[in-house]
Amino acid sequence: MMSLRAVARTAPRTISRLSSTALRQSRVARPSALVKSSWAPLRSSQFASAFSTSQLRQAPKAEVDEELSLKLESELQFEGEMKENEQLPASVKDFLENSAFELKDTPGKEDVALTRKFGNETITVTFSISDLANYEPDDVFNEDAALGDEEVDSAEGRRSSQAENEEGLEDELDENEAAVPCRLNVVVEKPGKGALNIEALAQDGQIIVENFYYFKDPKLAHGETAELAHAAQDVYPGPPFGSLDEDLQIVMERYLEERGINQALAVFVPDYMDIKEQREYQAWLKDVKDFVDA
């Protein structure tokens, strides 16, 4: 039996076909001299019935909405169960309880900020969960593709090669998963003295300094707007960190460690990013489901 949705979808097309047939019959039956006087009103009335907006206003709810809503609900339940079974990582718990940094995490925002005082200095560390989405590990499939081009003499050799490749792929995937780099933007400010801007990576429990800049205007170090970021590009901030004297690099790294840019931070950031990303994902699922159900 044809459903109400199918009837609603086919009704306008049926009326349109009937109207077209009536038009063709009218054109054959009437002399050409009456085309302008009799044919125009007929065409107007037929088209009005074929394209009536009442059919659109009475159209039922889309078929996929309910299916999508149920799938979103299933995902929400799954994520909720996973969250219940997971404990807060010790690295996150210890850092939040013992660190001098204050956490600022706004729901719905990608960026997370850590702030603290150190003497007359104000230190800000920011990082973003966008690093997780934008991270592109090395293509671990290139080597497998090259191996696939080589000829294997026997079926046993093919099976052995495939097993080795699968094991190697799993190992590489595990290594890549554990080595996602998290970008840090560190700003050290002194009243009336400008700011240091350190670009670094938190990876494998280490802080890797990439650049050590200085700006007379602290706003350029934060670069919170596109205009400020563009203005900072016109200022000479200093040489690349790797080009500095090695002893100078070591002292600068110790300078940062003394201010809390250390191993504990390097372990905390990736673990907290996972928590933050999971929380935002669940909120996104709920928002999409609420929209679909509205």
# chains A, B, ... in the order shown; residues from 1 in each chain; ligands from 1
call {"tool": "residues_around", "arguments": {"residues": "A:Gln203", "least_positions_apart": "3", "cutoff": "7 Å", "atoms": "only C-alpha atoms", "output": "PDB file with C-alpha atoms, in the first residue's frame"}}
result
ATOM      1  CA  ALA A 179      53.277  11.046  19.178  1.00  0.00           C
ATOM      2  CA  VAL A 180      50.669  13.661  18.266  1.00  0.00           C
ATOM      3  CA  PRO A 181      52.429  17.017  18.737  1.00  0.00           C
ATOM      4  CA  CYS A 182      50.568  19.744  20.613  1.00  0.00           C
ATOM      5  CA  GLN A 206      59.026  16.931  26.373  1.00  0.00           C
ATOM      6  CA  ILE A 207      58.872  20.633  25.602  1.00  0.00           C
ATOM      7  CA  ALA A 266      54.237  18.478  28.334  1.00  0.00           C
TER       8      ALA A 266
END
call {"tool": "residues_around", "arguments": {"residues": "A:Glu253", "least_positions_apart": "6", "cutoff": "9 Å", "atoms": "only C-alpha atoms", "output": "compact mmCIF listing (two decimals) with all heavy atoms, in the first residue's frame"}}
result
# COMPACT_ATOMS: atom_id res chain seq x y z
N ILE A 207 59.15 19.32 26.19
CA ILE A 207 58.87 20.63 25.60
C ILE A 207 59.97 20.91 24.58
O ILE A 207 61.15 20.95 24.91
CB ILE A 207 58.86 21.75 26.66
CG1 ILE A 207 57.73 21.51 27.67
CG2 ILE A 207 58.69 23.11 25.99
CD1 ILE A 207 56.34 21.63 27.10
N ILE A 208 59.56 21.09 23.33
CA ILE A 208 60.50 21.34 22.24
C ILE A 208 60.29 22.78 21.78
O ILE A 208 59.26 23.13 21.20
CB ILE A 208 60.27 20.38 21.07
CG1 ILE A 208 60.37 18.93 21.55
CG2 ILE A 208 61.28 20.64 19.95
CD1 ILE A 208 59.97 17.90 20.51
N VAL A 209 61.27 23.63 22.06
CA VAL A 209 61.18 25.04 21.71
C VAL A 209 61.52 25.21 20.23
O VAL A 209 62.55 24.71 19.76
CB VAL A 209 62.13 25.89 22.57
CG1 VAL A 209 62.05 27.36 22.16
CG2 VAL A 209 61.79 25.73 24.05
N ILE A 261 57.14 25.79 32.37
CA ILE A 261 57.06 25.21 31.02
C ILE A 261 57.99 24.01 31.02
O ILE A 261 59.13 24.05 30.55
CB ILE A 261 57.48 26.24 29.95
CG1 ILE A 261 56.84 27.61 30.24
CG2 ILE A 261 57.10 25.74 28.56
CD1 ILE A 261 55.33 27.59 30.31
N ASN A 262 57.49 22.91 31.58
CA ASN A 262 58.36 21.77 31.88
C ASN A 262 57.71 20.45 31.47
O ASN A 262 56.71 20.42 30.74
CB ASN A 262 58.69 21.76 33.37
CG ASN A 262 57.42 21.85 34.23
OD1 ASN A 262 56.33 21.50 33.79
ND2 ASN A 262 57.58 22.33 35.45
call {"tool": "residues_around", "arguments": {"residues": "A:Leu68", "least_positions_apart": "5", "cutoff": "12 Å", "atoms": "only C-alpha atoms", "output": "mmCIF file with N, CA and C atoms, in the first residue's frame"}}
result
data_model
loop_
_atom_site.group_PDB
_atom_site.id
_atom_site.type_symbol
_atom_site.label_atom_id
_atom_site.label_comp_id
_atom_site.auth_asym_id
_atom_site.auth_seq_id
_atom_site.Cartn_x
_atom_site.Cartn_y
_atom_site.Cartn_z
ATOM 1 N N ALA A 62 10.598 14.935 6.885
ATOM 2 C CA ALA A 62 11.513 14.174 6.036
ATOM 3 C C ALA A 62 11.754 12.782 6.623
ATOM 4 N N GLU A 63 11.929 11.817 5.763
ATOM 5 C CA GLU A 63 12.046 10.425 6.190
ATOM 6 C C GLU A 63 13.318 10.150 6.981
ATOM 7 N N GLU A 73 21.496 9.694 18.821
ATOM 8 C CA GLU A 73 21.222 9.266 20.192
ATOM 9 C C GLU A 73 22.085 8.062 20.565
ATOM 10 N N SER A 74 22.252 7.142 19.613
ATOM 11 C CA SER A 74 23.090 5.962 19.847
ATOM 12 C C SER A 74 24.539 6.363 20.099
ATOM 13 N N GLU A 75 25.025 7.333 19.310
ATOM 14 C CA GLU A 75 26.395 7.811 19.494
ATOM 15 C C GLU A 75 26.548 8.496 20.853
ATOM 16 N N LEU A 285 27.340 16.481 19.167
ATOM 17 C CA LEU A 285 26.312 15.472 18.891
ATOM 18 C C LEU A 285 24.955 15.924 19.427
ATOM 19 N N VAL A 288 23.508 18.880 17.316
ATOM 20 C CA VAL A 288 22.992 18.437 16.029
ATOM 21 C C VAL A 288 21.679 17.677 16.208
ATOM 22 N N LYS A 289 21.621 16.824 17.236
ATOM 23 C CA LYS A 289 20.383 16.078 17.484
ATOM 24 C C LYS A 289 19.227 17.012 17.836
ATOM 25 N N ASP A 290 19.484 18.016 18.672
ATOM 26 C CA ASP A 290 18.440 18.979 19.023
ATOM 27 C C ASP A 290 17.944 19.722 17.792
ATOM 28 N N PHE A 291 18.882 20.031 16.879
ATOM 29 C CA PHE A 291 18.493 20.731 15.656
ATOM 30 C C PHE A 291 17.619 19.842 14.777
ATOM 31 N N VAL A 292 18.029 18.588 14.611
ATOM 32 C CA VAL A 292 17.269 17.665 13.756
ATOM 33 C C VAL A 292 15.886 17.419 14.343
ATOM 34 N N ASP A 293 15.794 17.315 15.668
ATOM 35 C CA ASP A 293 14.522 17.021 16.316
ATOM 36 C C ASP A 293 13.586 18.218 16.383
#
call {"tool": "residues_around", "arguments": {"residues": "A:Tyr214", "least_positions_apart": "2", "cutoff": "9 Å", "atoms": "only C-alpha atoms", "output": "PDB file with C-alpha atoms, in the first residue's frame"}}
result
ATOM      1  CA  GLY A 194      56.856  44.115  26.307  1.00  0.00           C
ATOM      2  CA  ALA A 195      56.646  40.330  26.102  1.00  0.00           C
ATOM      3  CA  LEU A 196      58.504  37.189  25.171  1.00  0.00           C
ATOM      4  CA  ASN A 197      56.652  34.884  22.804  1.00  0.00           C
ATOM      5  CA  ILE A 198      57.778  31.262  22.749  1.00  0.00           C
ATOM      6  CA  PHE A 212      61.936  32.480  21.082  1.00  0.00           C
ATOM      7  CA  LYS A 216      57.728  45.513  22.547  1.00  0.00           C
ATOM      8  CA  ASP A 217      53.941  45.428  22.243  1.00  0.00           C
ATOM      9  CA  PRO A 218      52.533  42.460  24.233  1.00  0.00           C
ATOM     10  CA  ALA A 221      52.749  38.325  21.152  1.00  0.00           C
ATOM     11  CA  TYR A 236      61.626  41.383  13.524  1.00  0.00           C
ATOM     12  CA  PRO A 237      61.059  39.138  16.564  1.00  0.00           C
ATOM     13  CA  GLY A 238      64.414  37.369  16.629  1.00  0.00           C
TER      14      GLY A 238
END
call {"tool": "residues_around", "arguments": {"residues": "A:Ile275", "least_positions_apart": "6", "cutoff": "12 Å", "atoms": "only C-alpha atoms", "output": "PyMOL selection string"}}
result
chain A and resi 79+82-83+86-89+91-93+105+112+129+132+268-269+281-282
call {"tool": "atom_distance", "arguments": {"atom1": "atom CA of A:Ala133", "atom2": "atom CA of A:Glu280"}}
result
12.5 Å
